[in-house]
Amino acid sequence: MAIELDVHPLSNGFGAEVRGVDLATCGTGIHRAVVDVFHRHGVLLLRGQTLTPSQQMAFSRAFGTPETNERREYTYPGIPEIFVLSNKVENGRTIGDVDAGQGWHTDSSYLANPVMCTMLYAMEVPPEGSDTLFADLVAAFAALPPERQAALDGLQVQHSWRALMELLKADVAPGDDRFPDVVHPLVRAHPVDGRRALWVSSGTTRGIVGMPNPEGLELLAELMAYVTQERFVFRHKWQAGDVLVWDNRCTLHTGTPFDKTRYVRHVHRTWMLDDAVRGR
Ligand code: SIN
């Protein structure tokens, strides 16, 4: 028998809140039903949750294989799949990355198989600031005139880990080629229902294949400005106990700042791979 969940739209046909589920105790059948909702809505919210790290891992696994994070200085002790976003200080050191995810992007687009989705579980949040913003790339593509859709469909974007490192001013040795540049389609069909997303991003993009720069970079900048207009953007205001999951195949997101001298933000993040893609 199909499991009926109490599902409410977050904004304008984009995003869904599932109510009445306690993720810590509901079991794998309900986890799977929640994941089904996620696949159709871009952003998924469940409020009022209390999760241990292993309970967050159990829910994360319902989406796909959780990815370990390379930056071990900020992973949860003993669980390298949980990345800590926090400005808490313990034993004289900040225990998490305070500034992760500022600037519009989709996660790990510099990889051939980027992570499918990202989960944040918020334990402490500031009373103001630190909202997370989401751009609905499906609505943005659908709102384009058919001739513009046709002109963009088929274009390929070059994504580069090195470009991101340059932006972050990170030290990378000249010969360090651990993530060579990759190419992704600009218009991407969602594997679950075929809805098409204008899969542009910033931070990792070097240009459009076959289009000289600055023309390619100018087109990407124009599309970024287009998809991040207010009409396509949902602003999530955090409450402690929120579990938020977004679909990197059809959304962009950005964190926003908060006053770190006054407030604490303490969040656990997991990244899940699309097992169907990995198995191919
Ligand atoms: C992220 O992009 O990974 C984090 C965004 C946020 O903390 O709001």
# chains A, B, ... in the order shown; residues from 1 in each chain; ligands from 1

$ select_by_dssp --residues "segment 13-254 of chain A" --states "helix (DSSP H, G or I)" --output "MDAnalysis selection string"
chainID A and resid 28:41 53:61 72:74 137:142 146:152 161:167 215:227 230:232

$ residues_near_ligand --ligand "ligand 1" --cutoff "7 Å" --atoms "only C-alpha atoms and all ligand atoms" --output "list in words"
Leu85, Ala100, Gly101, Gln102, Ser130, Asp131, Thr132, His253, Thr254, Gly255 and Thr256 of chain A

$ select_by_dssp --residues "segment 45-177 of chain A" --states "strand (DSSP E or B)" --output "PyMOL selection string"
chain A and resi 45-46+66+75-76+79-86+89-90+93-94+102+105+117-124+132-136+156-159

$ residues_around --residues "segment 150-156 of chain A" --least-positions-apart "3" --cutoff "7 Å" --atoms "only C-alpha atoms" --output "mmCIF file with N, CA, C and O atoms, in the first residue's frame"
data_model
loop_
_atom_site.group_PDB
_atom_site.id
_atom_site.type_symbol
_atom_site.label_atom_id
_atom_site.label_comp_id
_atom_site.auth_asym_id
_atom_site.auth_seq_id
_atom_site.Cartn_x
_atom_site.Cartn_y
_atom_site.Cartn_z
ATOM 1 N N PRO A 146 10.271 29.612 -26.700
ATOM 2 C CA PRO A 146 10.717 28.356 -27.324
ATOM 3 C C PRO A 146 11.969 28.512 -28.188
ATOM 4 O O PRO A 146 12.845 27.650 -28.193
ATOM 5 N N GLU A 147 12.086 29.655 -28.894
ATOM 6 C CA GLU A 147 13.279 29.791 -29.762
ATOM 7 C C GLU A 147 14.560 29.943 -28.945
ATOM 8 O O GLU A 147 15.640 29.485 -29.334
ATOM 9 N N VAL A 183 32.881 18.557 -18.764
ATOM 10 C CA VAL A 183 31.879 19.249 -19.577
ATOM 11 C C VAL A 183 30.511 18.715 -19.199
ATOM 12 O O VAL A 183 30.337 17.496 -19.053
ATOM 13 N N HIS A 184 29.548 19.633 -18.979
ATOM 14 C CA HIS A 184 28.163 19.224 -18.670
ATOM 15 C C HIS A 184 27.213 19.969 -19.605
ATOM 16 O O HIS A 184 27.479 21.123 -19.970
ATOM 17 N N PRO A 185 26.069 19.352 -19.915
ATOM 18 C CA PRO A 185 25.095 20.061 -20.764
ATOM 19 C C PRO A 185 24.515 21.276 -20.047
ATOM 20 O O PRO A 185 24.323 21.253 -18.833
ATOM 21 N N LEU A 186 24.255 22.322 -20.796
ATOM 22 C CA LEU A 186 23.648 23.536 -20.223
ATOM 23 C C LEU A 186 22.180 23.296 -19.907
ATOM 24 O O LEU A 186 21.639 23.847 -18.944
ATOM 25 N N VAL A 187 21.522 22.483 -20.715
ATOM 26 C CA VAL A 187 20.120 22.136 -20.449
ATOM 27 C C VAL A 187 20.095 20.654 -20.096
ATOM 28 O O VAL A 187 20.558 19.815 -20.864
ATOM 29 N N ILE A 208 31.796 28.160 -22.671
ATOM 30 C CA ILE A 208 30.913 27.255 -23.418
ATOM 31 C C ILE A 208 31.762 26.577 -24.499
ATOM 32 O O ILE A 208 32.519 27.264 -25.209
ATOM 33 N N VAL A 209 31.611 25.280 -24.611
ATOM 34 C CA VAL A 209 32.406 24.535 -25.599
ATOM 35 C C VAL A 209 32.085 25.053 -27.012
ATOM 36 O O VAL A 209 30.911 25.182 -27.380
#

$ closest_residue --among "A:Asp6, A:Asp136, A:Glu67, A:Glu17" --to "Val115 of chain A" --atoms "only C-alpha atoms"
A:Glu67

$ closest_residue --among "A:Val138, A:Ile95, A:Leu168, A:Leu273" --to "Asp193 of chain A" --atoms "only C-alpha atoms"
A:Val138

$ residues_around --residues "Val200 of chain A" --least-positions-apart "3" --cutoff "9 Å" --atoms "only C-alpha atoms" --output "list in words"
His105, Thr106, Leu137, Val157, Pro185, Leu186, Val187, Ala197, Thr205, Leu220, Leu223, Met224, Val227 and Leu252 of chain A

$ write_last_selection --atoms "N, CA and C atoms" --output "JSON list (two decimals), in the first residue's frame"
[["chain", "number", "residue", "atom", "x", "y", "z"],
["A", 105, "HIS", "N", 25.68, 28.49, -6.71],
["A", 105, "HIS", "CA", 26.36, 27.34, -7.31],
["A", 105, "HIS", "C", 25.49, 26.10, -7.18],
["A", 106, "THR", "N", 25.94, 25.04, -7.87],
["A", 106, "THR", "CA", 25.39, 23.72, -7.66],
["A", 106, "THR", "C", 26.57, 22.86, -7.21],
["A", 137, "LEU", "N", 15.71, 26.10, -11.40],
["A", 137, "LEU", "CA", 16.22, 26.10, -12.77],
["A", 137, "LEU", "C", 15.24, 25.50, -13.78],
["A", 157, "VAL", "N", 28.83, 23.16, -21.21],
["A", 157, "VAL", "CA", 29.56, 24.11, -20.37],
["A", 157, "VAL", "C", 30.81, 23.43, -19.81],
["A", 185, "PRO", "N", 26.07, 19.35, -19.91],
["A", 185, "PRO", "CA", 25.10, 20.06, -20.76],
["A", 185, "PRO", "C", 24.52, 21.28, -20.05],
["A", 186, "LEU", "N", 24.25, 22.32, -20.80],
["A", 186, "LEU", "CA", 23.65, 23.54, -20.22],
["A", 186, "LEU", "C", 22.18, 23.30, -19.91],
["A", 187, "VAL", "N", 21.52, 22.48, -20.71],
["A", 187, "VAL", "CA", 20.12, 22.14, -20.45],
["A", 187, "VAL", "C", 20.09, 20.65, -20.10],
["A", 197, "ALA", "N", 16.02, 21.55, -16.92],
["A", 197, "ALA", "CA", 16.56, 22.62, -16.09],
["A", 197, "ALA", "C", 17.64, 23.37, -16.86],
["A", 205, "THR", "N", 32.70, 27.64, -13.70],
["A", 205, "THR", "CA", 32.54, 27.65, -15.16],
["A", 205, "THR", "C", 33.65, 28.45, -15.86],
["A", 220, "LEU", "N", 27.12, 33.00, -20.07],
["A", 220, "LEU", "CA", 26.93, 32.38, -18.74],
["A", 220, "LEU", "C", 26.52, 33.43, -17.70],
["A", 223, "LEU", "N", 22.91, 34.37, -18.22],
["A", 223, "LEU", "CA", 22.00, 33.31, -17.76],
["A", 223, "LEU", "C", 21.97, 33.24, -16.23],
["A", 224, "MET", "N", 23.11, 33.47, -15.59],
["A", 224, "MET", "CA", 23.14, 33.49, -14.12],
["A", 224, "MET", "C", 22.24, 34.61, -13.59],
["A", 227, "VAL", "N", 18.51, 33.42, -14.10],
["A", 227, "VAL", "CA", 17.93, 32.37, -13.25],
["A", 227, "VAL", "C", 17.84, 32.78, -11.78],
["A", 252, "LEU", "N", 19.96, 25.84, -8.08],
["A", 252, "LEU", "CA", 21.19, 26.48, -7.60],
["A", 252, "LEU", "C", 20.90, 26.94, -6.18]]

$ residues_around --residues "Trp246 of chain A" --least-positions-apart "6" --cutoff "6 Å" --atoms "only C-alpha atoms" --output "list in words"
Gly42, Val43, Cys117 and Thr118 of chain A

$ closest_residue --among "A:Glu128, A:Asp176, A:Asp36, A:Asp107" --to "Arg162 of chain A" --atoms "only C-alpha atoms"
A:Asp176
